[in-house]
Amino acid sequence: MDRRGHASAQWPITDDLSTLRGQVRGYAALAGLSGVRLQDLVLAVNEAAANVLDHAHGEGHVQAWHDERSVTVEVHDRLGQLVPAHATAGDPGVTTLRGRGLWLMQQLCDEVRITRDAQGSAVLLRQEINGLPKA
Amino acid sequence: MDRRGHASAQWPITDDLSTLRGQVRGYAALAGLSGVRLQDLVLAVNEAAANVLDHAHGEGHVQAWHDERSVTVEVHDRLGQLVPAHATAGDPGVTTLRGRGLWLMQQLCDEVRITRDAQGSAVLLRQEINGLPKA
Amino acid sequence: MNFTVQVEGGSADGHSSPVRTLVLTGELDHGSVPHLQKALDKAYADQCRHLIIDVTGLAFCDSTGISVFLGARRALAAREGSVALAGLNARVQRTFRLTGVADAFSTYPTADEARAALSAS
Amino acid sequence: MNFTVQVEGGSADGHSSPVRTLVLTGELDHGSVPHLQKALDKAYADQCRHLIIDVTGLAFCDSTGISVFLGARRALAAREGSVALAGLNARVQRTFRLTGVADAFSTYPTADEARAALSAS
Ligand SMILES: Nc1ncnc2c1ncn2[C@@H]1O[C@H](COP(=O)(O)OP(=O)(O)O)[C@@H](O)[C@H]1O
Ligand SMILES: Nc1ncnc2c1ncn2[C@@H]1O[C@H](COP(=O)(O)OP(=O)(O)O)[C@@H](O)[C@H]1O
């Protein structure tokens, strides 16, 4: 951590998403996010982590860092089967029960990006610190 | 418990008022209370039990019973120093920090009565099942 | 924080009842939806047709929670019933709006108002 | 269910800040008020003058909770500051009304609106 408090952080993904939300909320609040935009980021991370539980055997971790302008949280799985095409599905409509997670992340965050490497897939979620709620 | 479900119930008072609220809420809901009037009774019991923690060494128990018309909850302490005069104080106003419990119980419940016997003091709280919110 | 479901307007006398209220408290997420699903399954088994879900005390709700609400809507529509939501706070309302399901449910400020609307109809 | 206090608008860089938001979640009662009191004492120590208490996620609040809110109001009034409450649900609102303290606090639908009102004044 440098003297302006630019620490990065890492947390495991477990069944207990409530604890993860608390960790992300605390980190992002210290970094300068507040109110709706803070809650939006926390919800987006929750959605990405729930997907790791549902679609990637629950194995993954979350990394967070920030600078003066934004807070970034990356939700990693080890399976590596999430691809950018998964994020283009759009709003499924009220007659479909599932399939809202990736759509919702895109409504909540300033930037949503899906990446893949030898270690697995990841969703990058970024919130500008002085932005307005997206929607 | 008779065949119409007129069971009575008893719970200890401990530091964990959340559990006590859940017990009272479950009992009173089964007896037919719902909505604001149910929440009002639960809050009133919480207030009386908090007084046992604060003013009567935390020693006491809660008894509940009901018939077709009403649900009654009695909050007992063993100290025996609560007297009816404590309930006549009125609303303390916003400049006083404490002293709202007994006033609030009277706003919440159809009947509030303080009794004393050799075993201690008790606050009787009664809610009619088909009544309207008091205030 | 955990999650609780309280059932109101049930069956003290063992009778089934067509209107049931579920009062949700705490955080509704991937870990807690099974509790809500269990309460819903019980309501269906008890011949519930109209469900009022009181979310006043809901501190958090994610898309998993929304899936379960939509599932209840579908299940009760199949028996010509309904799901009403009461007491949505600004956060839950926002999540409903952003996922496009805000208009799928009748909403009321309180469960008492939802019940009154049902009796009037 | 437990109770949490989250601090926003604090001191990532170790600086004190005159406006602080406390986001309360869960049940505020005899057992949990000490947690809130600790967060308030920390805010006073950090020279906080204006406090926004976001109660959107508050599932329960009793007269002990109200005492602590009134105590914060008194403490900040002494340094010409203020306490605003954001996101009161119908239950909490009712408890405030019945105890006669509803008018003692400025209230806003959301913490963001409370912060905007402070910046405007
Ligand atoms: N971490 C992941 N690994 C593999 N597949 C994923 C992952 N996250 C999402 N997906 C895929 O993307 C789809 C859409 O995800 P989402 O929009 O979150 O909705 P839901 O999880 O409700 O299906 C999922 O059904 C799944 O096929
Ligand atoms: N169980 C009890 N035993 C003894 N005294 C009690 C008890 N409950 C209440 N009291 C007395 O009544 C007063 C008013 O109680 P209440 O209105 O609940 O406010 P508070 O507990 O905040 O003082 C208390 O300060 C206390 O002196």
# chains A, B, ... in the order shown; residues from 1 in each chain; ligands from 1
call {"tool": "residues_around", "arguments": {"residues": "region 39-54 of chain C", "least_positions_apart": "3", "cutoff": "10 Å", "atoms": "only C-alpha atoms", "output": "MDAnalysis selection string"}}
result
(chainID B and resid 35) or (chainID C and resid 5:8 10:11 14:25 33:36 57:58 68:69 71:73 75:88 106:112 114:115 118)
call {"tool": "residues_around", "arguments": {"residues": "Val24 (chain A)", "least_positions_apart": "5", "cutoff": "12 Å", "atoms": "only C-alpha atoms", "output": "PyMOL selection string"}}
result
(chain A and resi 8-13+17-19+29-31+33+38-46+49+62-66+71-75+125) or (chain D and resi 6)
call {"tool": "residues_near_ligand", "arguments": {"ligand": "ligand 2", "cutoff": "9 Å", "atoms": "only C-alpha atoms and all ligand atoms", "output": "count of residues only"}}
result
45
call {"tool": "interface_residues", "arguments": {"of": "chain D", "to": "chain B", "cutoff": "12 Å", "atoms": "only C-alpha atoms", "output": "NGL selection string"}}
result
:D and (1-3 or 26-32 or 59-75 or 77 or 90-105)
call {"tool": "atom_distance", "arguments": {"atom1": "CA of Pro84 (chain A)", "atom2": "atom 27 (O, counted along the ligand's line) of ligand 1"}}
result
11.3 Å
call {"tool": "atom_distance", "arguments": {"atom1": "CA of Arg113 (chain A)", "atom2": "CA of Arg126 (chain A)"}}
result
8.9 Å
call {"tool": "atom_distance", "arguments": {"atom1": "CA of Cys109 (chain A)", "atom2": "atom 16 (P, counted along the ligand's line) of ligand 1"}}
result
15.2 Å
call {"tool": "closest_residue", "arguments": {"among": "A:Arg69, A:Arg37, A:His61, A:Lys134", "to": "ligand 1", "atoms": "only C-alpha atoms and all ligand atoms"}}
result
A:His61
call {"tool": "decode", "arguments": {"residues": "region 64-99 of chain C", "atoms": "N, CA, C and O atoms", "output": "short mmCIF file (atom, residue, chain, number, x, y, z; two decimals), in the first residue's frame"}}
result
data_model
loop_
_atom_site.label_atom_id
_atom_site.label_comp_id
_atom_site.auth_asym_id
_atom_site.auth_seq_id
_atom_site.Cartn_x
_atom_site.Cartn_y
_atom_site.Cartn_z
N THR C 64 -30.48 -13.75 -8.54
CA THR C 64 -30.98 -15.05 -8.10
C THR C 64 -32.32 -14.87 -7.38
O THR C 64 -33.25 -15.67 -7.57
N GLY C 65 -32.40 -13.85 -6.54
CA GLY C 65 -33.65 -13.56 -5.85
C GLY C 65 -34.76 -13.21 -6.83
O GLY C 65 -35.89 -13.69 -6.71
N ILE C 66 -34.41 -12.41 -7.83
CA ILE C 66 -35.39 -12.03 -8.85
C ILE C 66 -35.90 -13.26 -9.60
O ILE C 66 -37.09 -13.39 -9.89
N SER C 67 -34.99 -14.20 -9.89
CA SER C 67 -35.42 -15.45 -10.55
C SER C 67 -36.50 -16.15 -9.75
O SER C 67 -37.47 -16.68 -10.30
N VAL C 68 -36.31 -16.19 -8.43
CA VAL C 68 -37.27 -16.90 -7.58
C VAL C 68 -38.61 -16.17 -7.54
O VAL C 68 -39.68 -16.78 -7.57
N PHE C 69 -38.57 -14.84 -7.50
CA PHE C 69 -39.82 -14.07 -7.56
C PHE C 69 -40.56 -14.35 -8.88
O PHE C 69 -41.77 -14.53 -8.90
N LEU C 70 -39.80 -14.37 -9.98
CA LEU C 70 -40.42 -14.63 -11.28
C LEU C 70 -40.98 -16.06 -11.34
O LEU C 70 -42.03 -16.30 -11.94
N GLY C 71 -40.28 -16.99 -10.70
CA GLY C 71 -40.77 -18.36 -10.65
C GLY C 71 -42.09 -18.46 -9.89
O GLY C 71 -43.01 -19.18 -10.30
N ALA C 72 -42.21 -17.69 -8.81
CA ALA C 72 -43.46 -17.69 -8.03
C ALA C 72 -44.59 -17.10 -8.88
O ALA C 72 -45.72 -17.59 -8.88
N ARG C 73 -44.26 -16.05 -9.60
CA ARG C 73 -45.25 -15.42 -10.48
C ARG C 73 -45.77 -16.43 -11.51
O ARG C 73 -46.97 -16.54 -11.74
N ARG C 74 -44.85 -17.19 -12.08
CA ARG C 74 -45.24 -18.18 -13.08
C ARG C 74 -46.10 -19.28 -12.44
O ARG C 74 -47.14 -19.68 -12.98
N ALA C 75 -45.67 -19.76 -11.27
CA ALA C 75 -46.38 -20.86 -10.61
C ALA C 75 -47.80 -20.44 -10.23
O ALA C 75 -48.75 -21.22 -10.38
N LEU C 76 -47.95 -19.22 -9.75
CA LEU C 76 -49.29 -18.80 -9.32
C LEU C 76 -50.15 -18.37 -10.49
O LEU C 76 -51.38 -18.54 -10.46
N ALA C 77 -49.53 -17.84 -11.54
CA ALA C 77 -50.31 -17.52 -12.75
C ALA C 77 -50.94 -18.80 -13.30
O ALA C 77 -52.08 -18.79 -13.79
N ALA C 78 -50.24 -19.92 -13.18
CA ALA C 78 -50.75 -21.20 -13.68
C ALA C 78 -52.01 -21.64 -12.94
O ALA C 78 -52.79 -22.43 -13.45
N ARG C 79 -52.20 -21.13 -11.71
CA ARG C 79 -53.46 -21.42 -11.01
C ARG C 79 -54.31 -20.16 -10.86
O ARG C 79 -55.06 -20.00 -9.90
N GLU C 80 -54.16 -19.27 -11.81
CA GLU C 80 -54.90 -18.01 -11.87
C GLU C 80 -54.79 -17.20 -10.58
O GLU C 80 -55.76 -16.62 -10.10
N GLY C 81 -53.60 -17.21 -10.02
CA GLY C 81 -53.33 -16.44 -8.81
C GLY C 81 -52.43 -15.27 -9.12
O GLY C 81 -52.29 -14.85 -10.27
N SER C 82 -51.77 -14.75 -8.09
CA SER C 82 -50.94 -13.55 -8.28
C SER C 82 -49.85 -13.46 -7.22
O SER C 82 -49.92 -14.08 -6.17
N VAL C 83 -48.83 -12.69 -7.57
CA VAL C 83 -47.79 -12.35 -6.61
C VAL C 83 -47.73 -10.83 -6.51
O VAL C 83 -47.59 -10.15 -7.53
N ALA C 84 -47.87 -10.30 -5.31
CA ALA C 84 -47.70 -8.86 -5.08
C ALA C 84 -46.50 -8.65 -4.17
O ALA C 84 -46.22 -9.48 -3.30
N LEU C 85 -45.78 -7.56 -4.40
CA LEU C 85 -44.62 -7.24 -3.55
C LEU C 85 -44.93 -5.99 -2.74
O LEU C 85 -45.53 -5.05 -3.25
N ALA C 86 -44.54 -6.01 -1.48
CA ALA C 86 -44.82 -4.87 -0.60
C ALA C 86 -43.53 -4.33 0.00
O ALA C 86 -42.67 -5.09 0.42
N GLY C 87 -43.41 -2.99 0.03
CA GLY C 87 -42.32 -2.35 0.77
C GLY C 87 -40.97 -2.38 0.08
O GLY C 87 -39.94 -2.44 0.76
N LEU C 88 -40.94 -2.29 -1.25
CA LEU C 88 -39.64 -2.27 -1.94
C LEU C 88 -38.86 -1.02 -1.57
O LEU C 88 -39.34 0.10 -1.79
N ASN C 89 -37.67 -1.17 -1.07
CA ASN C 89 -36.84 0.01 -0.81
C ASN C 89 -36.14 0.45 -2.11
O ASN C 89 -36.23 -0.22 -3.13
N ALA C 90 -35.47 1.60 -2.03
CA ALA C 90 -34.89 2.18 -3.24
C ALA C 90 -33.89 1.24 -3.91
O ALA C 90 -33.80 1.18 -5.13
N ARG C 91 -33.14 0.47 -3.10
CA ARG C 91 -32.14 -0.42 -3.68
C ARG C 91 -32.77 -1.57 -4.44
O ARG C 91 -32.38 -1.89 -5.56
N VAL C 92 -33.76 -2.21 -3.80
CA VAL C 92 -34.42 -3.35 -4.44
C VAL C 92 -35.16 -2.87 -5.68
O VAL C 92 -35.13 -3.52 -6.74
N GLN C 93 -35.80 -1.71 -5.57
CA GLN C 93 -36.52 -1.14 -6.70
C GLN C 93 -35.58 -0.92 -7.89
O GLN C 93 -35.93 -1.21 -9.03
N ARG C 94 -34.39 -0.42 -7.60
CA ARG C 94 -33.41 -0.17 -8.65
C ARG C 94 -33.02 -1.48 -9.35
O ARG C 94 -32.94 -1.53 -10.58
N THR C 95 -32.78 -2.51 -8.56
CA THR C 95 -32.40 -3.80 -9.15
C THR C 95 -33.53 -4.35 -10.02
O THR C 95 -33.29 -4.88 -11.11
N PHE C 96 -34.77 -4.19 -9.58
CA PHE C 96 -35.91 -4.62 -10.39
C PHE C 96 -35.98 -3.83 -11.68
O PHE C 96 -36.23 -4.37 -12.74
N ARG C 97 -35.75 -2.54 -11.59
CA ARG C 97 -35.84 -1.69 -12.77
C ARG C 97 -34.74 -2.04 -13.77
O ARG C 97 -35.00 -2.24 -14.96
N LEU C 98 -33.51 -2.19 -13.27
CA LEU C 98 -32.38 -2.46 -14.18
C LEU C 98 -32.49 -3.83 -14.84
O LEU C 98 -31.97 -4.03 -15.92
N THR C 99 -33.13 -4.78 -14.17
CA THR C 99 -33.29 -6.09 -14.80
C THR C 99 -34.56 -6.17 -15.63
O THR C 99 -34.87 -7.22 -16.20
#
